[in-house]
file input-v7.txt (compact mmCIF, C-alpha atoms)
# COMPACT_ATOMS: atom_id res chain seq x y z
CA MET A 25 -12.62 -69.17 -73.65
CA THR A 26 -10.46 -68.14 -76.57
CA LYS A 27 -11.85 -66.08 -79.38
CA SER A 28 -11.06 -66.96 -82.94
CA LEU A 29 -9.18 -64.30 -84.80
CA PRO A 30 -10.24 -64.58 -88.42
CA ASP A 31 -8.62 -61.31 -89.40
CA GLN A 32 -5.25 -62.10 -87.89
CA PRO A 33 -2.67 -61.03 -90.45
CA THR A 34 0.47 -62.88 -91.26
CA PRO A 35 3.51 -61.59 -89.40
CA ASP A 36 4.97 -58.49 -91.00
CA ALA A 37 1.98 -57.87 -93.22
CA PRO A 38 3.06 -55.99 -96.37
CA GLU A 39 1.39 -52.71 -95.39
CA ASP A 40 3.59 -52.52 -92.31
CA ASP A 41 6.77 -52.74 -94.29
CA GLU A 42 5.86 -49.93 -96.62
CA PRO A 43 8.11 -46.93 -96.10
CA LEU A 44 6.50 -44.56 -93.64
CA ASP A 45 6.21 -40.93 -94.66
CA LEU A 46 8.12 -38.71 -92.21
CA ARG A 47 5.23 -36.32 -91.60
CA ALA A 48 2.85 -39.25 -91.20
CA GLY A 49 5.27 -40.64 -88.59
CA LEU A 50 5.17 -37.45 -86.55
CA ALA A 51 1.36 -37.30 -86.91
CA ILE A 52 1.12 -40.88 -85.58
CA VAL A 53 3.23 -39.97 -82.53
CA ASP A 54 1.05 -36.91 -81.81
CA ALA A 55 -2.21 -38.80 -82.36
CA GLN A 56 -1.23 -41.63 -80.00
CA ARG A 57 -0.05 -39.16 -77.35
CA ARG A 58 -3.46 -37.47 -77.57
CA ALA A 59 -5.30 -40.81 -77.55
CA VAL A 60 -3.56 -41.86 -74.32
CA ARG A 61 -4.15 -38.45 -72.71
CA ASN A 62 -7.85 -38.55 -73.64
CA ALA A 63 -8.21 -42.06 -72.23
CA THR A 64 -6.52 -41.35 -68.90
CA VAL A 65 -7.58 -39.16 -65.95
CA ASP A 66 -9.17 -35.93 -67.23
CA ASP A 67 -8.21 -33.03 -64.97
CA ARG A 68 -10.70 -30.75 -66.81
CA LEU A 69 -13.59 -32.94 -65.71
CA LEU A 70 -12.42 -33.23 -62.09
CA PHE A 71 -11.81 -29.49 -61.68
CA ALA A 72 -15.16 -28.66 -63.30
CA VAL A 73 -17.13 -31.15 -61.17
CA TRP A 74 -15.56 -29.98 -57.91
CA GLY A 75 -15.79 -26.32 -58.95
CA ALA A 76 -19.52 -26.70 -59.63
CA ALA A 77 -19.99 -28.63 -56.37
CA TRP A 78 -18.30 -25.86 -54.37
CA VAL A 79 -20.13 -23.00 -56.11
CA VAL A 80 -23.54 -24.67 -55.60
CA GLY A 81 -22.80 -26.30 -52.22
CA TYR A 82 -21.14 -23.36 -50.47
CA GLY A 83 -23.52 -20.96 -52.27
CA ALA A 84 -26.46 -22.90 -50.76
CA ARG A 85 -24.89 -22.84 -47.30
CA TRP A 86 -24.34 -19.08 -47.52
CA TRP A 87 -27.93 -18.59 -48.73
CA GLY A 88 -29.31 -20.82 -45.95
CA ALA A 89 -27.27 -19.09 -43.23
CA THR A 90 -28.21 -15.58 -44.36
CA GLN A 91 -31.84 -16.09 -45.44
CA ASP A 92 -33.02 -18.58 -42.87
CA PRO A 93 -30.53 -18.76 -39.97
CA GLY A 94 -31.40 -21.62 -37.65
CA GLY A 95 -34.49 -22.41 -39.75
CA PRO A 96 -35.35 -25.30 -42.07
CA GLY A 97 -33.74 -23.45 -44.99
CA GLU A 98 -30.35 -23.93 -43.37
CA GLY A 99 -30.98 -27.66 -43.07
CA VAL A 100 -31.94 -27.85 -46.75
CA ALA A 101 -28.79 -25.89 -47.64
CA ALA A 102 -26.64 -28.32 -45.63
CA ALA A 103 -28.32 -31.22 -47.46
CA VAL A 104 -27.65 -29.56 -50.85
CA PHE A 105 -24.00 -29.16 -49.82
CA GLY A 106 -23.84 -32.83 -48.82
CA VAL A 107 -25.39 -33.98 -52.11
CA CYS A 108 -22.94 -31.80 -54.09
CA VAL A 109 -19.89 -33.19 -52.28
CA VAL A 110 -21.06 -36.82 -52.48
CA THR A 111 -21.90 -36.44 -56.20
CA ALA A 112 -18.47 -34.94 -56.94
CA LEU A 113 -16.83 -37.71 -54.91
CA VAL A 114 -18.70 -40.45 -56.80
CA VAL A 115 -17.94 -38.86 -60.20
CA THR A 116 -14.24 -38.62 -59.22
CA LEU A 117 -14.02 -42.24 -58.04
CA VAL A 118 -15.87 -43.68 -61.04
CA HIS A 119 -13.85 -41.57 -63.50
CA VAL A 120 -10.47 -42.35 -61.94
CA LEU A 121 -11.21 -46.08 -61.65
CA ARG A 122 -12.38 -46.24 -65.28
CA ALA A 123 -9.51 -44.13 -66.61
CA THR A 124 -6.82 -46.15 -64.83
CA ARG A 125 -8.34 -49.57 -65.56
CA GLY A 126 -5.82 -51.90 -67.16
CA VAL A 127 -2.84 -49.73 -66.23
CA ARG A 128 -0.55 -50.75 -63.41
CA GLY A 129 2.86 -49.81 -62.13
CA VAL A 130 4.33 -46.64 -60.69
CA SER A 131 1.47 -44.25 -61.55
CA ARG A 132 -1.17 -46.63 -60.19
CA SER A 133 0.55 -47.03 -56.83
CA THR A 134 1.27 -43.28 -56.70
CA GLY A 135 -2.40 -42.55 -57.44
CA ALA A 136 -3.60 -45.07 -54.86
CA MET A 137 -1.33 -43.59 -52.17
CA TYR A 138 -2.50 -40.09 -53.08
CA GLY A 139 -6.14 -41.24 -52.95
CA TRP A 140 -5.61 -42.74 -49.50
CA ALA A 141 -4.03 -39.48 -48.35
CA TRP A 142 -7.43 -37.80 -49.02
CA CYS A 143 -9.32 -40.52 -47.10
CA LEU A 144 -6.92 -40.32 -44.14
CA GLY A 145 -6.98 -36.51 -44.17
CA PHE A 146 -10.76 -36.37 -44.05
CA ALA A 147 -10.95 -39.16 -41.47
CA ALA A 148 -8.65 -37.09 -39.25
CA GLN A 149 -10.74 -33.97 -39.94
CA GLY A 150 -13.93 -35.78 -38.91
CA THR A 151 -12.26 -37.07 -35.75
CA ILE A 152 -11.04 -33.62 -34.72
CA VAL A 153 -14.51 -32.11 -35.32
CA GLY A 154 -16.09 -34.96 -33.32
CA GLY A 155 -13.62 -34.27 -30.53
CA LEU A 156 -14.55 -30.58 -30.48
CA ALA A 157 -18.26 -31.46 -30.32
CA ARG A 158 -17.64 -33.83 -27.39
CA ALA A 159 -15.62 -31.12 -25.67
CA GLY A 160 -18.73 -28.93 -25.74
CA ALA A 161 -17.93 -26.60 -28.65
CA ASP A 162 -20.96 -24.70 -29.96
CA ASP A 163 -22.29 -24.99 -33.52
CA VAL A 164 -20.39 -21.95 -34.79
CA VAL A 165 -17.06 -23.29 -33.51
CA ILE A 166 -17.80 -26.76 -34.90
CA THR A 167 -18.81 -25.43 -38.35
CA THR A 168 -15.82 -23.09 -38.48
CA ALA A 169 -13.37 -25.86 -37.52
CA ALA A 170 -14.99 -28.45 -39.82
CA ASN A 171 -14.79 -26.04 -42.76
CA GLY A 172 -11.31 -24.75 -42.00
CA ILE A 173 -9.71 -28.16 -41.43
CA ALA A 174 -11.40 -29.66 -44.53
CA LEU A 175 -10.11 -26.78 -46.65
CA LEU A 176 -6.64 -27.13 -45.12
CA VAL A 177 -6.63 -30.80 -46.17
CA VAL A 178 -7.76 -29.89 -49.71
CA GLY A 179 -5.23 -27.06 -50.07
CA LEU A 180 -2.29 -29.10 -48.76
CA LEU A 181 -3.13 -32.15 -50.88
CA TYR A 182 -3.39 -30.00 -54.02
CA LEU A 183 0.03 -28.56 -53.15
CA ALA A 184 1.41 -32.08 -52.61
CA GLY A 185 -0.17 -33.34 -55.87
CA GLY A 186 1.22 -30.37 -57.79
CA ALA A 187 4.70 -31.02 -56.40
CA LEU A 188 4.45 -34.78 -56.99
CA TRP A 189 3.34 -34.60 -60.63
CA GLN A 190 5.10 -31.31 -61.33
CA GLU A 191 1.75 -29.74 -62.21
CA LYS A 192 2.20 -26.03 -61.53
CA PRO A 193 -1.51 -25.13 -62.04
CA LEU A 194 -2.49 -27.74 -59.41
CA TYR A 195 0.15 -26.37 -57.05
CA ALA A 196 -1.08 -22.80 -57.63
CA LEU A 197 -4.66 -23.94 -56.99
CA GLY A 198 -3.55 -25.49 -53.67
CA ALA A 199 -1.96 -22.21 -52.64
CA TRP A 200 -5.12 -20.33 -53.73
CA ILE A 201 -7.38 -22.66 -51.69
CA LEU A 202 -5.17 -22.05 -48.63
CA VAL A 203 -5.47 -18.27 -49.16
CA MET A 204 -9.26 -18.67 -49.38
CA THR A 205 -9.15 -20.79 -46.19
CA VAL A 206 -7.35 -17.97 -44.38
CA VAL A 207 -9.83 -15.37 -45.72
CA THR A 208 -12.75 -17.59 -44.68
CA SER A 209 -11.36 -17.85 -41.15
CA LEU A 210 -10.85 -14.09 -40.97
CA VAL A 211 -14.32 -13.07 -42.22
CA GLY A 212 -16.06 -15.81 -40.21
CA LEU A 213 -19.39 -17.41 -41.14
CA PRO A 214 -21.70 -17.05 -43.05
CA ALA A 215 -19.61 -14.69 -45.23
CA GLY A 216 -16.93 -17.42 -45.31
CA HIS A 217 -19.33 -19.69 -47.23
CA LEU A 218 -19.63 -17.04 -49.92
CA VAL A 219 -15.83 -16.72 -50.06
CA MET A 220 -15.58 -20.49 -50.60
CA ALA A 221 -18.33 -20.50 -53.24
CA ALA A 222 -16.88 -17.62 -55.27
CA GLY A 223 -13.16 -17.87 -54.45
CA GLY A 224 -12.76 -21.62 -53.85
CA GLY A 225 -15.31 -22.89 -56.39
CA GLY A 226 -14.35 -20.11 -58.79
CA GLY A 227 -10.68 -21.08 -58.42
CA LEU A 228 -11.50 -24.70 -59.29
CA LEU A 229 -13.49 -23.60 -62.36
CA VAL A 230 -10.54 -21.43 -63.46
CA GLY A 231 -8.42 -24.60 -62.96
CA ALA A 232 -10.75 -26.40 -65.40
CA LEU A 233 -10.31 -23.61 -67.96
CA VAL A 234 -6.51 -23.64 -67.54
CA ALA A 235 -6.50 -27.45 -67.97
CA THR A 236 -8.60 -27.09 -71.16
CA TRP A 237 -6.24 -24.42 -72.54
CA ARG A 238 -3.18 -26.56 -71.73
CA ARG A 239 -4.63 -29.51 -73.61
CA ARG A 240 -5.32 -27.38 -76.66
CA THR A 241 -1.83 -25.95 -76.76
CA ALA A 242 -0.02 -29.22 -75.88
CA MET B 25 21.08 -37.29 -91.90
CA THR B 26 19.10 -39.81 -93.92
CA GLU B 27 16.00 -41.91 -93.46
CA ALA B 28 18.27 -44.93 -93.15
CA GLU B 29 19.11 -43.71 -89.65
CA LEU B 30 15.53 -44.24 -88.49
CA ASP B 31 15.21 -47.39 -86.38
CA PRO B 32 13.65 -49.96 -88.75
CA VAL B 33 11.93 -51.78 -85.87
CA ILE B 34 9.94 -48.65 -84.99
CA HIS B 35 9.71 -47.20 -88.51
CA SER B 36 6.49 -48.98 -89.46
CA ALA B 37 3.06 -47.40 -89.03
CA SER B 38 1.70 -50.08 -86.69
CA ARG B 39 4.77 -50.52 -84.51
CA LEU B 40 5.25 -46.76 -84.26
CA ARG B 41 1.66 -46.50 -83.00
CA VAL B 42 2.30 -49.25 -80.43
CA VAL B 43 5.56 -47.71 -79.20
CA ALA B 44 4.17 -44.13 -79.15
CA THR B 45 1.21 -45.34 -77.07
CA LEU B 46 3.39 -47.20 -74.57
CA ALA B 47 5.79 -44.23 -74.38
CA ALA B 48 2.86 -41.92 -73.52
CA LEU B 49 2.32 -43.94 -70.32
CA GLY B 50 4.41 -43.09 -67.28
CA VAL B 51 7.86 -44.63 -66.78
CA GLY B 52 7.41 -47.94 -64.93
CA ASP B 53 3.79 -48.33 -66.05
CA SER B 54 2.44 -51.34 -67.89
CA ILE B 55 -0.92 -51.73 -69.63
CA ALA B 56 -3.26 -54.68 -69.99
CA PHE B 57 -3.34 -56.15 -73.50
CA PRO B 58 -7.10 -55.51 -74.08
CA ARG B 59 -6.79 -51.86 -72.99
CA LEU B 60 -3.79 -51.35 -75.31
CA GLN B 61 -5.69 -53.04 -78.11
CA LYS B 62 -8.62 -50.64 -77.56
CA LEU B 63 -6.34 -47.59 -77.54
CA LEU B 64 -4.81 -48.72 -80.83
CA GLY B 65 -7.93 -50.06 -82.51
CA MET B 66 -5.96 -53.09 -83.71
CA THR B 67 -6.99 -56.72 -83.82
CA ALA B 68 -5.57 -58.97 -81.11
CA GLY B 69 -3.63 -61.00 -83.67
CA ASN B 70 -2.14 -57.96 -85.36
CA LEU B 71 -1.10 -56.43 -82.05
CA SER B 72 0.45 -59.72 -80.87
CA THR B 73 2.51 -59.92 -84.02
CA HIS B 74 3.92 -56.43 -83.59
CA LEU B 75 4.50 -56.89 -79.86
CA ARG B 76 6.50 -60.05 -80.59
CA ARG B 77 8.69 -58.15 -83.02
CA LEU B 78 9.21 -55.34 -80.49
CA GLU B 79 9.93 -57.90 -77.77
CA GLN B 80 12.58 -59.56 -79.95
CA ALA B 81 14.25 -56.15 -80.32
CA GLY B 82 14.21 -55.75 -76.52
CA TYR B 83 11.89 -52.73 -76.71
CA VAL B 84 8.89 -54.30 -74.99
CA THR B 85 8.27 -56.82 -72.23
CA GLN B 86 5.09 -58.84 -71.85
CA THR B 87 4.22 -60.16 -68.39
CA LYS B 88 1.65 -62.89 -67.98
CA THR B 89 -0.22 -62.86 -64.70
CA HIS B 90 -3.57 -63.76 -63.16
CA GLU B 91 -6.26 -61.37 -61.97
CA GLY B 92 -8.39 -63.58 -59.79
CA ARG B 93 -8.80 -66.60 -62.04
CA THR B 94 -8.53 -64.70 -65.28
CA PRO B 95 -5.18 -64.75 -67.06
CA ALA B 96 -3.96 -61.29 -68.02
CA THR B 97 -1.05 -59.99 -70.06
CA TYR B 98 0.59 -56.65 -69.27
CA VAL B 99 2.77 -54.85 -71.78
CA GLU B 100 5.52 -52.40 -70.90
CA LEU B 101 8.06 -50.39 -72.81
CA THR B 102 11.58 -51.26 -71.64
CA THR B 103 14.21 -48.62 -70.90
CA ALA B 104 15.88 -49.56 -74.19
CA GLY B 105 12.50 -49.17 -75.95
CA ARG B 106 11.94 -45.74 -74.44
CA HIS B 107 15.41 -44.61 -75.46
CA ALA B 108 14.92 -46.00 -78.96
CA PHE B 109 11.61 -44.13 -79.27
CA GLU B 110 13.21 -40.88 -78.05
CA ARG B 111 16.04 -41.31 -80.58
CA TYR B 112 13.49 -42.10 -83.29
CA THR B 113 11.38 -38.97 -82.65
CA GLN B 114 14.51 -36.80 -82.42
CA THR B 115 15.78 -38.15 -85.74
CA LEU B 116 12.34 -37.76 -87.31
CA THR B 117 12.08 -34.13 -86.18
CA ALA B 118 15.62 -33.39 -87.39
CA LEU B 119 14.91 -35.00 -90.78
CA LEU B 120 11.72 -32.97 -91.17
CA LYS B 121 13.57 -29.77 -90.28
CA GLY B 122 16.20 -30.63 -92.88
CA ALA B 123 13.43 -31.27 -95.42
CA GLN B 124 12.03 -27.75 -94.98
CA PRO B 125 12.70 -25.54 -98.04
call {"tool": "encode", "arguments": {"input": "input-v7.txt", "output": "structure tokens"}}
result
Amino acid sequence: MTKSLPDQPTPDAPEDDEPLDLRAGLAIVDAQRRAVRNATVDDRLLFAVWGAAWVVGYGARWWGATQDPGGPGEGVAAAVFGVCVVTALVVTLVHVLRATRGVRGVSRSTGAMYGWAWCLGFAAQGTIVGGLARAGADDVVITTAANGIALLVVGLLYLAGGALWQEKPLYALGAWILVMTVVTSLVGLPAGHLVMAAGGGGGLLVGALVATWRRRTA
Amino acid sequence: MTEAELDPVIHSASRLRVVATLAALGVGDSIAFPRLQKLLGMTAGNLSTHLRRLEQAGYVTQTKTHEGRTPATYVELTTAGRHAFERYTQTLTALLKGAQP
């Protein structure tokens, strides 16, 4: 069905041939740059959502493991963690799909390949953890490995993303997550959950602030 | 340096907006016509007119395709268009610097 276009102007409508003021020209360029940036993937939102998910999710797991070890509180904490991660994942997918709608080409295929790298990384993580469980590993070993490998995937993919898009803050965040992963492994659980809540989640929230500052100064 | 050196194809408010928007996308990226229209807040007819002019200058390509059964048009800035836009903004900045008291 074709829509009628009653307000279609004649080619080269007079207002378009009027001489353009130089300053107005520069303002147009800046405004359109901002408009495109605001309509595409918003790193502030993604960092903030994941930062909040980690602070609340890992905070809950630390609380559950210290306040009610082995009790129902720990189960509730694990459920809170799951809800936080799934919510952040859904927000990310919906936002990225909406923001990239109608755009195709190099950045779309790069984004899709990067997105699949996350899926494959976590599929491998799940498989390794399943393998450990089948091999008879106890709960502490399974939780430690599940956490550590998941964080390794996150840290490495942030590093890769930072290198790919030449985003130094993302690269720095990847390195920071890996440092937190090492610290978590060294302190063990449940203290490791607190490290991930404060250090990992905190790092992501700092990432959101850096992204906000970069947009303001760009 | 004078204003006469500014590319007349780009030196119009509407076409500058179109080119600046397309240049803000990544190299090798194209955008669906309705999404571009939304980003620019222009009518379909007005946008088509300016795209045709930019296409004639070799600055823009329009690719017609199908998404499922729905026809879709994707717009992309050509390499020549990107260079022209870079030259335009450089000239504009230089002119403005020269205009400073």
call {"tool": "closest_residue", "arguments": {"input": "input-v7.txt", "among": "B:Thr94, B:Leu119, B:Leu78, B:Val84", "to": "Pro32 in chain B", "atoms": "all atoms listed in the file"}}
result
B:Leu78
call {"tool": "atom_distance", "arguments": {"input": "input-v7.txt", "atom1": "CA of Leu176 in chain A", "atom2": "CA of Leu229 in chain A"}}
result
18.9 Å
call {"tool": "atom_distance", "arguments": {"input": "input-v7.txt", "atom1": "CA of Gly186 in chain A", "atom2": "CA of Arg132 in chain A"}}
result
16.6 Å
call {"tool": "atom_distance", "arguments": {"input": "input-v7.txt", "atom1": "CA of Arg111 in chain B", "atom2": "CA of Gly49 in chain A"}}
result
13.4 Å
call {"tool": "closest_residue", "arguments": {"input": "input-v7.txt", "among": "A:Tyr82, A:Trp237, A:Phe146, A:Trp74", "to": "His217 in chain A", "atoms": "all atoms listed in the file"}}
result
A:Tyr82
call {"tool": "residues_around", "arguments": {"input": "input-v7.txt", "residues": "Tyr112 in chain B", "least_positions_apart": "5", "cutoff": "10 Å", "atoms": "only C-alpha atoms", "output": "MDAnalysis selection string"}}
result
(chainID A and resid 49) or (chainID B and resid 29:32 34:35 40 106:107 117:118)
call {"tool": "interface_residues", "arguments": {"input": "input-v7.txt", "of": "chain B", "to": "chain A", "cutoff": "9 Å", "atoms": "only C-alpha atoms", "output": "short mmCIF file (atom, residue, chain, number, x, y, z; two decimals) with C-alpha atoms, in the coordinates of the input"}}
result
data_model
loop_
_atom_site.label_atom_id
_atom_site.label_comp_id
_atom_site.auth_asym_id
_atom_site.auth_seq_id
_atom_site.Cartn_x
_atom_site.Cartn_y
_atom_site.Cartn_z
CA GLU B 27 16.00 -41.91 -93.46
CA HIS B 35 9.71 -47.20 -88.51
CA SER B 36 6.49 -48.98 -89.46
CA ALA B 37 3.06 -47.40 -89.03
CA SER B 38 1.70 -50.08 -86.69
CA ARG B 39 4.77 -50.52 -84.51
CA LEU B 40 5.25 -46.76 -84.26
CA ARG B 41 1.66 -46.50 -83.00
CA VAL B 42 2.30 -49.25 -80.43
CA VAL B 43 5.56 -47.71 -79.20
CA ALA B 44 4.17 -44.13 -79.15
CA THR B 45 1.21 -45.34 -77.07
CA LEU B 46 3.39 -47.20 -74.57
CA ALA B 47 5.79 -44.23 -74.38
CA ALA B 48 2.86 -41.92 -73.52
CA LEU B 49 2.32 -43.94 -70.32
CA GLY B 50 4.41 -43.09 -67.28
CA VAL B 51 7.86 -44.63 -66.78
CA GLY B 52 7.41 -47.94 -64.93
CA ASP B 53 3.79 -48.33 -66.05
CA SER B 54 2.44 -51.34 -67.89
CA ILE B 55 -0.92 -51.73 -69.63
CA ALA B 56 -3.26 -54.68 -69.99
CA PHE B 57 -3.34 -56.15 -73.50
CA PRO B 58 -7.10 -55.51 -74.08
CA ARG B 59 -6.79 -51.86 -72.99
CA LEU B 60 -3.79 -51.35 -75.31
CA LEU B 63 -6.34 -47.59 -77.54
CA LEU B 64 -4.81 -48.72 -80.83
CA THR B 67 -6.99 -56.72 -83.82
CA ALA B 68 -5.57 -58.97 -81.11
CA GLY B 69 -3.63 -61.00 -83.67
CA ASN B 70 -2.14 -57.96 -85.36
CA THR B 73 2.51 -59.92 -84.02
CA HIS B 74 3.92 -56.43 -83.59
CA ARG B 77 8.69 -58.15 -83.02
CA TYR B 98 0.59 -56.65 -69.27
CA THR B 113 11.38 -38.97 -82.65
CA LEU B 116 12.34 -37.76 -87.31
CA THR B 117 12.08 -34.13 -86.18
CA LEU B 119 14.91 -35.00 -90.78
CA LEU B 120 11.72 -32.97 -91.17
#
call {"tool": "closest_residue", "arguments": {"input": "input-v7.txt", "among": "A:Met137, A:Ala148, A:Leu213, A:Val207", "to": "Ala184 in chain A", "atoms": "only C-alpha atoms"}}
result
A:Met137
call {"tool": "closest_residue", "arguments": {"input": "input-v7.txt", "among": "A:Gly155, A:Gly224, A:Gly145, A:Gly81", "to": "Thr111 in chain A", "atoms": "all atoms listed in the file"}}
result
A:Gly81
call {"tool": "residues_around", "arguments": {"input": "input-v7.txt", "residues": "Thr116 in chain A", "least_positions_apart": "2", "cutoff": "12 Å", "atoms": "all atoms listed in the file", "output": "list in words"}}
result
Val65, Asp66, Asp67, Arg68, Leu69, Leu70, Phe71, Ala72, Val73, Trp74, Ala77, Val109, Val110, Thr111, Ala112, Leu113, Val114, Val118, His119, Val120, Leu121, Arg122, Ala123, Thr124 and Gly139 of chain A
call {"tool": "decode", "arguments": {"input": "input-v7.txt", "residues": "range 51-59 of chain B", "atoms": "all heavy atoms", "output": "mmCIF file, in the first residue's frame"}}
result
data_model
loop_
_atom_site.group_PDB
_atom_site.id
_atom_site.type_symbol
_atom_site.label_atom_id
_atom_site.label_comp_id
_atom_site.auth_asym_id
_atom_site.auth_seq_id
_atom_site.Cartn_x
_atom_site.Cartn_y
_atom_site.Cartn_z
ATOM 1 N N VAL B 51 31.406 3.191 8.463
ATOM 2 C CA VAL B 51 31.779 2.976 7.052
ATOM 3 C C VAL B 51 31.258 1.594 6.640
ATOM 4 O O VAL B 51 31.443 0.621 7.370
ATOM 5 C CB VAL B 51 33.314 3.049 6.873
ATOM 6 C CG1 VAL B 51 33.713 2.720 5.443
ATOM 7 C CG2 VAL B 51 33.833 4.416 7.280
ATOM 8 N N GLY B 52 30.583 1.531 5.495
ATOM 9 C CA GLY B 52 30.047 0.251 5.019
ATOM 10 C C GLY B 52 28.666 -0.054 5.565
ATOM 11 O O GLY B 52 28.142 -1.137 5.348
ATOM 12 N N ASP B 53 28.074 0.910 6.298
ATOM 13 C CA ASP B 53 26.721 0.706 6.834
ATOM 14 C C ASP B 53 25.697 1.420 5.957
ATOM 15 O O ASP B 53 25.955 2.505 5.442
ATOM 16 C CB ASP B 53 26.611 1.272 8.252
ATOM 17 C CG ASP B 53 27.238 0.349 9.276
ATOM 18 O OD1 ASP B 53 27.619 -0.770 8.891
ATOM 19 O OD2 ASP B 53 27.348 0.755 10.442
ATOM 20 N N SER B 54 24.535 0.777 5.795
ATOM 21 C CA SER B 54 23.437 1.455 5.112
ATOM 22 C C SER B 54 22.223 1.462 6.041
ATOM 23 O O SER B 54 22.154 0.672 6.985
ATOM 24 C CB SER B 54 23.115 0.770 3.780
ATOM 25 O OG SER B 54 22.825 -0.590 3.993
ATOM 26 N N ILE B 55 21.290 2.359 5.773
ATOM 27 C CA ILE B 55 20.148 2.536 6.678
ATOM 28 C C ILE B 55 18.848 2.483 5.883
ATOM 29 O O ILE B 55 18.785 3.006 4.754
ATOM 30 C CB ILE B 55 20.304 3.864 7.470
ATOM 31 C CG1 ILE B 55 19.196 4.010 8.523
ATOM 32 C CG2 ILE B 55 20.345 5.079 6.562
ATOM 33 C CD1 ILE B 55 19.456 5.080 9.556
ATOM 34 N N ALA B 56 17.852 1.860 6.479
ATOM 35 C CA ALA B 56 16.555 1.754 5.812
ATOM 36 C C ALA B 56 15.920 3.141 5.682
ATOM 37 O O ALA B 56 16.053 3.964 6.597
ATOM 38 C CB ALA B 56 15.640 0.830 6.613
ATOM 39 N N PHE B 57 15.257 3.367 4.564
ATOM 40 C CA PHE B 57 14.672 4.683 4.278
ATOM 41 C C PHE B 57 13.782 5.190 5.423
ATOM 42 O O PHE B 57 13.948 6.335 5.866
ATOM 43 C CB PHE B 57 13.884 4.598 2.958
ATOM 44 C CG PHE B 57 13.347 5.917 2.486
ATOM 45 C CD1 PHE B 57 14.070 6.704 1.595
ATOM 46 C CD2 PHE B 57 12.120 6.389 2.939
ATOM 47 C CE1 PHE B 57 13.581 7.928 1.175
ATOM 48 C CE2 PHE B 57 11.622 7.609 2.523
ATOM 49 C CZ PHE B 57 12.353 8.388 1.635
ATOM 50 N N PRO B 58 12.853 4.364 5.970
ATOM 51 C CA PRO B 58 11.986 4.891 7.043
ATOM 52 C C PRO B 58 12.762 5.303 8.302
ATOM 53 O O PRO B 58 12.406 6.262 8.962
ATOM 54 C CB PRO B 58 11.048 3.718 7.366
ATOM 55 C CG PRO B 58 11.178 2.765 6.243
ATOM 56 C CD PRO B 58 12.521 2.974 5.636
ATOM 57 N N ARG B 59 13.827 4.551 8.614
ATOM 58 C CA ARG B 59 14.635 4.884 9.805
ATOM 59 C C ARG B 59 15.362 6.214 9.568
ATOM 60 O O ARG B 59 15.447 7.054 10.465
ATOM 61 C CB ARG B 59 15.625 3.747 10.077
ATOM 62 C CG ARG B 59 16.474 3.924 11.304
ATOM 63 C CD ARG B 59 15.918 3.182 12.499
ATOM 64 N NE ARG B 59 16.334 3.787 13.770
ATOM 65 C CZ ARG B 59 17.344 3.377 14.529
ATOM 66 N NH1 ARG B 59 18.035 2.336 14.174
ATOM 67 N NH2 ARG B 59 17.638 3.990 15.651
#
